[in-house]
Amino acid sequence: MTIRTPDGTGLGEGAQVPLMLEEQAPSRRRLADSQPATFTGRLRDNLYYLRGRGALEISIVYVLILVAFVVASLANPGGFAFLNSNNLSGVLSQNIPVLSILAIGAGFLMIAGEFDLSIGATIGLCGVVFIRTANHTNWIVAFLATVAVGMGVMLVNGLIVVVTRIPSFIATLGMSFFWTGASIYINGSTPATFFPGVRTDTMVNLMAGNHGYFRSQLVWLLVIGVAAWFLLHRHRAGNKVFAVGGNRAAAAAVSIKPNVVRLQAFVFLGLMVGIASSLYVARTSGMQPGTTDSYTLLSIAAAVVGGCSLTGGRGSVTGMVIGAALILTIENGLVLGNAPGFYVQLFLGVAIVIAAVFNKFMEGKAT
Amino acid sequence: MSAVAEDVSRRAVSGGEPLLRLEGITKNYGPNTVLKDVSFGIGKGEVLGLLGDNGAGKSTLVKIMSGVVPMSSGRYLWEGEEVQRVTRPETERRGVETIFQDSALVPTMSITRNIFAGREMTNRFGFMKLRAMDAITTEILDSVVSIEGIKSARQLVSSLSGGQAQAVAIARAVHFKRSLLILDEPTSALAVRATEALLDYLVQLKSEGVSSILVTHNLHHAYKVCDRHIVMNHGRKILDIRREDTSVEELTAAVVEGAEGVKRLRQGTPLA
């Protein structure tokens with residue numbers, strides 16, 4: 001028997017045959033035969049392949065924190081009012097959906113391998129557009145105009161990145177100042193507010209209605225979250241986003257157009273920003289340009305905490321939502337626990353960094 | 001030097017319309033000319049070895065053939081008909097599949113999603129049939145190239161070894177029944193048995209009428225399976241010869257020393 005070595009020279013007749021080769025040679029276990037057939041087998045498989053792919057670990061962390069907060073609240077309802085309906089509906093279900101929707105947009109773009117640092121500025125611009133359009137027409141037209149402006153802004157950002165090939169980090173940092181300036185140019189530096197009677201009951205009910213323990217924003221998040229999940233994880237468009245972010249050259253080699261996919265991700269972020277800022281102004285009923293900048297880094301942080309890779313190609317919608325919820329729930333807990341303002345920022349910062357390190361660690365475990 | 005090339009290329013083009021014919025391909029990157037007037041054809045079911053040292057222009061030629069990089073001048077004829085704009089979607093439509101040495105797969109995606117990337121099986125709304133795709137992937141991995149150590153079609157490509165990933169890329173090309181398979185250094189990361197399996201597979205593909213171009217440093221691998229060999233040197237084609245007319249020694253001389261080496265060998269002077 002002749003064993004061929006990689007350089008093809010061969011060891012020749014009668015050479016010492018390594019035992020390992022002899023053992024491997026006869027019958028190989030077929031992949032098809034080793035797939036789990038039972039329900040529990042498949043479940044174990046599913047859990048195994050969820051490891052390090054985004055949401056599983058951070059969900060566990062979130063559930064643990066929730067349990068801790070619920071227990072603390074039950075034990076001491078007066079001191080730690082986490083389960084109080086005012087807290088649940090007034091703080092959590094009002095803030096989490098807006099940030100989650102932004103995180104979904106930012107996360108899509110991160111999976112495609114790009115960033116946008118003008119999210120906060122665009123929220124300001126969109127909010128101004130919503131209020132001013134509603135003042136002159138009605139809230140439905142205003143909503144559509146806001147979404148259109150959000151998508152238009154992100155299309156411009158995306159085109160700059162794709163055409164000039166400068167890093168999106170720099171391009172959108174610059175554009176963030178531009179869009180803030182644009183909203184001040186349109187609106188002036190005083191806050192935009194609704195004219196009396198513009199903010200109708202229907203609009204408020206649909207976009208910020210209080211239903212006891214939750215608000216309408218939570219319904220928006222559910223609908224958008226489920227749609228985004230199917231789009232990203234089950235639709236071929238989402239598959240292309242992962243492919244482009246994971247390895248642009250490999251994607252191009254199978255006829256995926258990376259630039260088109262990246263532009264789509266930018267425009268999708270624009271859609272999310274348009275919706276989120278509509279929900280935002282429907283609740284606050286005012287918008288001061290230049291005050292929404294913190295949303296940029298919060299939404300990116302939420303996506304990263306939820307398992308989106310900073311280099312693209314990795315992330316999940318569940319993770320993005322949980323990431324946003326985790327950040328705001330921790331913040332809420334700190335406020336309820338009477339931590340001074342300074343400590344809230346401090347603990348929040350530490351929590352974000354720990355979550356990011358944790359995710360990096362789990363990435364290595366991904367199979 | 002060009003005499004050698006002309007002499008053998010006339011013999012090499014055996015009757016019938018070639019699947020792909022390149023005429024006078026030149027490629028400049030700014031002032032650098034990386035390909036100079038390269039012409040050759042590949043017939044249906046032919047296995048062509050594309051050989052040459054580093055920097056000979058093999059990879060650029062591969063990228064031009066697969067439509068990833070445009071040529072500066074020259075003609076690209078597919079089944080005798082000139083393709084005006086050679087883009088990747090255009091070559092993909094005609095069935096050219098390239099397995100690049102470095103960037104064939106997306107590491108952060110599962111094997112299944114890699115195999116079907118850009119050609120997903122979907123319902124009419126564009127939603128993917130993941131179960132069906134997983135099942136087919138499992139079948140491909142079992143039948144096309146037998147690969148040791150892969151547990152599931154749902155494994156991430158980043159969890160595979162270099163050889164396993166390469167084998168997956170090859171399996172993908174084979175599954176989609178391409179008419180021309182271009183393999184850029186496919187055996188460099190493969191284990192011995194996987195290499196054997198791959199080379200056998202190229203021969204098997206030939207009988208199914210699939211043409212392949214094997215780009216490699218490894219002259220032994222090339223000599224074993226290729227019907228014809230093209231040797232590149234400094235951006236020029238210096239040798240185009242059928243297997244029965246050459247030897248590993250001659251190919252080695254051409255790769256290492258260029259056209260001069262071939263001439264010397266044919267004159268009987270031993271290799272320096």
# chains A, B, ... in the order shown; residues from 1 in each chain; ligands from 1
$ interface_residues --of "chain A" --to "chain B" --cutoff "6 Å" --atoms "only C-alpha atoms" --output "list in words"
Pro6, Gly8, Ala32, Arg234, His235, Arg236, Gly246, Asn247, Ala250, Val254, Ser255, Ile256, Gly313 and Thr367 of chain A
$ write_last_selection --atoms "C-alpha atoms" --output "short mmCIF file (atom, residue, chain, number, x, y, z; two decimals), in the first residue's frame"
data_model
loop_
_atom_site.label_atom_id
_atom_site.label_comp_id
_atom_site.auth_asym_id
_atom_site.auth_seq_id
_atom_site.Cartn_x
_atom_site.Cartn_y
_atom_site.Cartn_z
CA PRO A 6 0.71 16.10 0.89
CA GLY A 8 2.63 13.85 -3.48
CA ALA A 32 -27.03 12.06 8.05
CA ARG A 234 -35.49 33.70 8.25
CA HIS A 235 -35.56 35.85 5.13
CA ARG A 236 -32.96 35.69 2.38
CA GLY A 246 -19.15 38.36 7.91
CA ASN A 247 -16.98 38.33 4.77
CA ALA A 250 -17.06 35.85 -0.06
CA VAL A 254 -21.67 34.43 -4.73
CA SER A 255 -23.18 37.44 -6.52
CA ILE A 256 -24.43 39.24 -3.44
CA GLY A 313 -21.53 39.31 10.77
CA THR A 367 -19.78 26.37 17.26
#
$ residues_around --residues "B:Leu214" --least-positions-apart "5" --cutoff "10 Å" --atoms "only C-alpha atoms" --output "ChimeraX atom specification"
/B:47-51,181-187,199,202,221-222,225-226,229
$ write_last_selection --atoms "C-alpha atoms" --output "JSON list (two decimals), in the first residue's frame"
[["chain", "number", "residue", "atom", "x", "y", "z"],
["B", 47, "VAL", "CA", -9.17, 19.67, -16.36],
["B", 48, "LEU", "CA", -6.64, 22.45, -16.79],
["B", 49, "GLY", "CA", -3.70, 23.05, -14.50],
["B", 50, "LEU", "CA", -2.73, 26.69, -14.06],
["B", 51, "LEU", "CA", 0.78, 26.75, -12.68],
["B", 181, "LEU", "CA", -14.99, 25.17, -11.55],
["B", 182, "ILE", "CA", -11.95, 27.30, -10.74],
["B", 183, "LEU", "CA", -10.05, 26.09, -7.70],
["B", 184, "ASP", "CA", -7.44, 28.50, -6.38],
["B", 185, "GLU", "CA", -4.89, 26.50, -4.34],
["B", 186, "PRO", "CA", -7.56, 24.09, -3.09],
["B", 187, "THR", "CA", -5.20, 21.52, -1.67],
["B", 199, "LEU", "CA", -8.40, 15.10, -6.89],
["B", 202, "LEU", "CA", -12.13, 16.45, -10.26],
["B", 221, "HIS", "CA", -1.17, 17.20, -7.76],
["B", 222, "ALA", "CA", -1.56, 19.06, -11.03],
["B", 225, "VAL", "CA", -5.24, 14.98, -12.62],
["B", 226, "CYS", "CA", -4.88, 17.72, -15.25],
["B", 229, "HIS", "CA", -1.06, 22.54, -18.13]]
$ select_by_dssp --residues "stretch 61-260 of chain B" --states "helix (DSSP H, G or I)" --output "PyMOL selection string"
chain B and resi 61-66+88-94+111-115+130-143+157-159+162-175+192-207+219-225+243-245+248-257+259-260
$ residues_around --residues "B:Tyr76" --least-positions-apart "2" --cutoff "7 Å" --atoms "only C-alpha atoms" --output "list in words"
Arg21, Leu22, Glu23, Gly74, Trp78, Glu82 and Val83 of chain B
$ write_last_selection --atoms "C-alpha atoms" --output "PDB file, in the first residue's frame"
ATOM      1  CA  ARG B  21     -11.672  31.201 -24.485  1.00  0.00           C
ATOM      2  CA  LEU B  22      -9.559  34.145 -23.366  1.00  0.00           C
ATOM      3  CA  GLU B  23      -7.824  36.205 -26.049  1.00  0.00           C
ATOM      4  CA  GLY B  74      -8.693  41.386 -24.209  1.00  0.00           C
ATOM      5  CA  TRP B  78     -18.051  31.903 -23.687  1.00  0.00           C
ATOM      6  CA  GLU B  82     -18.024  37.286 -26.732  1.00  0.00           C
ATOM      7  CA  VAL B  83     -19.103  38.485 -23.285  1.00  0.00           C
TER       8      VAL B  83
END
$ residues_around --residues "A:Ser89" --least-positions-apart "2" --cutoff "8 Å" --atoms "only C-alpha atoms" --output "list of chain:residue names"
A:Ser85, A:Asn86, A:Asn87, A:Val91, A:Leu92, A:Ser93, A:Gln94, A:Asn210, A:His211, A:Gly212, A:Tyr213, A:Phe214, A:Arg215
$ write_last_selection --atoms "N, CA and C atoms" --output "mmCIF file, in the first residue's frame"
data_model
loop_
_atom_site.group_PDB
_atom_site.id
_atom_site.type_symbol
_atom_site.label_atom_id
_atom_site.label_comp_id
_atom_site.auth_asym_id
_atom_site.auth_seq_id
_atom_site.Cartn_x
_atom_site.Cartn_y
_atom_site.Cartn_z
ATOM 1 N N SER A 85 -47.168 49.564 39.247
ATOM 2 C CA SER A 85 -47.647 49.770 37.875
ATOM 3 C C SER A 85 -47.136 51.086 37.297
ATOM 4 N N ASN A 86 -46.926 52.064 38.141
ATOM 5 C CA ASN A 86 -46.360 53.320 37.636
ATOM 6 C C ASN A 86 -44.966 53.115 37.069
ATOM 7 N N ASN A 87 -44.209 52.263 37.741
ATOM 8 C CA ASN A 87 -42.854 52.000 37.269
ATOM 9 C C ASN A 87 -42.884 51.187 35.978
ATOM 10 N N VAL A 91 -42.186 53.926 33.310
ATOM 11 C CA VAL A 91 -40.752 54.002 33.022
ATOM 12 C C VAL A 91 -40.332 52.918 32.029
ATOM 13 N N LEU A 92 -40.570 51.656 32.413
ATOM 14 C CA LEU A 92 -40.009 50.563 31.615
ATOM 15 C C LEU A 92 -40.660 50.429 30.238
ATOM 16 N N SER A 93 -42.003 50.319 30.193
ATOM 17 C CA SER A 93 -42.607 50.038 28.892
ATOM 18 C C SER A 93 -42.692 51.290 28.043
ATOM 19 N N GLN A 94 -42.174 52.398 28.583
ATOM 20 C CA GLN A 94 -42.121 53.629 27.813
ATOM 21 C C GLN A 94 -40.741 53.806 27.189
ATOM 22 N N ASN A 210 -51.656 54.534 27.815
ATOM 23 C CA ASN A 210 -51.361 53.857 29.077
ATOM 24 C C ASN A 210 -52.415 52.789 29.333
ATOM 25 N N HIS A 211 -52.001 51.521 29.406
ATOM 26 C CA HIS A 211 -52.952 50.437 29.623
ATOM 27 C C HIS A 211 -52.704 49.768 30.963
ATOM 28 N N GLY A 212 -52.490 50.552 32.017
ATOM 29 C CA GLY A 212 -52.280 49.987 33.338
ATOM 30 C C GLY A 212 -50.839 49.568 33.541
ATOM 31 N N TYR A 213 -50.513 48.283 33.192
ATOM 32 C CA TYR A 213 -49.160 47.808 33.442
ATOM 33 C C TYR A 213 -48.231 47.994 32.242
ATOM 34 N N PHE A 214 -48.788 48.349 31.104
ATOM 35 C CA PHE A 214 -47.898 48.574 29.963
ATOM 36 C C PHE A 214 -48.454 49.688 29.094
ATOM 37 N N ARG A 215 -47.640 50.136 28.161
ATOM 38 C CA ARG A 215 -48.049 51.213 27.257
ATOM 39 C C ARG A 215 -48.040 50.725 25.812
#
$ residues_around --residues "B:Leu19" --least-positions-apart "4" --cutoff "7 Å" --atoms "only C-alpha atoms" --output "list in words"
Ile42, Gly43, Lys44, Trp78 and Glu79 of chain B
$ atom_distance --atom1 "atom CA of A:Asn259" --atom2 "atom CA of A:Lys240"
11.2 Å
$ residues_around --residues "stretch 117-124 of chain A" --least-positions-apart "2" --cutoff "8 Å" --atoms "only C-alpha atoms" --output "compact mmCIF listing (two decimals) with C-alpha atoms, in the first residue's frame"
# COMPACT_ATOMS: atom_id res chain seq x y z
CA PHE A 115 -21.91 51.96 12.14
CA CYS A 126 -37.29 63.31 12.75
CA GLY A 127 -38.98 64.58 15.91
CA VAL A 128 -38.99 68.13 14.57
CA GLY A 150 -35.51 58.97 8.61
CA VAL A 153 -31.27 60.69 6.01
CA PHE A 169 -17.53 55.77 11.74
CA THR A 172 -21.65 59.42 10.12
CA LEU A 173 -19.84 61.28 12.91
CA MET A 175 -23.14 63.79 9.33
CA SER A 176 -24.36 63.76 12.93
CA PHE A 177 -23.34 67.43 13.25
CA TRP A 179 -28.28 66.66 10.78
CA THR A 180 -28.32 68.43 14.14
CA SER A 183 -32.92 70.36 12.48
CA VAL A 273 -35.25 55.81 13.72
CA GLY A 274 -38.34 57.34 12.09
CA ALA A 276 -38.78 55.45 17.32
CA SER A 277 -38.73 59.23 17.15
CA MET A 287 -38.49 68.09 20.70
CA GLN A 288 -35.49 70.25 21.35
CA PRO A 289 -32.91 69.70 18.60
CA GLY A 290 -29.55 68.60 19.93
CA THR A 291 -30.85 66.90 23.07
CA THR A 292 -31.12 63.37 21.74
CA ASP A 293 -27.44 62.65 21.10
CA SER A 294 -27.16 60.15 23.95
CA TYR A 295 -29.37 57.75 21.98
CA THR A 296 -26.58 57.15 19.46
CA LEU A 297 -24.25 55.41 21.84
$ residues_around --residues "A:His136" --least-positions-apart "6" --cutoff "10 Å" --atoms "only C-alpha atoms" --output "ChimeraX atom specification"
/A:142,194-195,198
$ write_last_selection --atoms "N, CA and C atoms" --output "short mmCIF file (atom, residue, chain, number, x, y, z; two decimals), in the first residue's frame"
data_model
loop_
_atom_site.label_atom_id
_atom_site.label_comp_id
_atom_site.auth_asym_id
_atom_site.auth_seq_id
_atom_site.Cartn_x
_atom_site.Cartn_y
_atom_site.Cartn_z
N ALA A 142 -47.90 63.12 9.31
CA ALA A 142 -46.66 63.41 10.03
C ALA A 142 -45.84 62.14 10.24
N PHE A 194 -46.28 70.74 19.78
CA PHE A 194 -47.53 70.59 19.04
C PHE A 194 -48.42 71.81 19.26
N PHE A 195 -49.16 72.23 18.21
CA PHE A 195 -50.20 73.23 18.40
C PHE A 195 -51.29 72.58 19.23
N VAL A 198 -53.57 69.30 18.20
CA VAL A 198 -52.93 68.46 17.17
C VAL A 198 -52.70 67.04 17.70
#
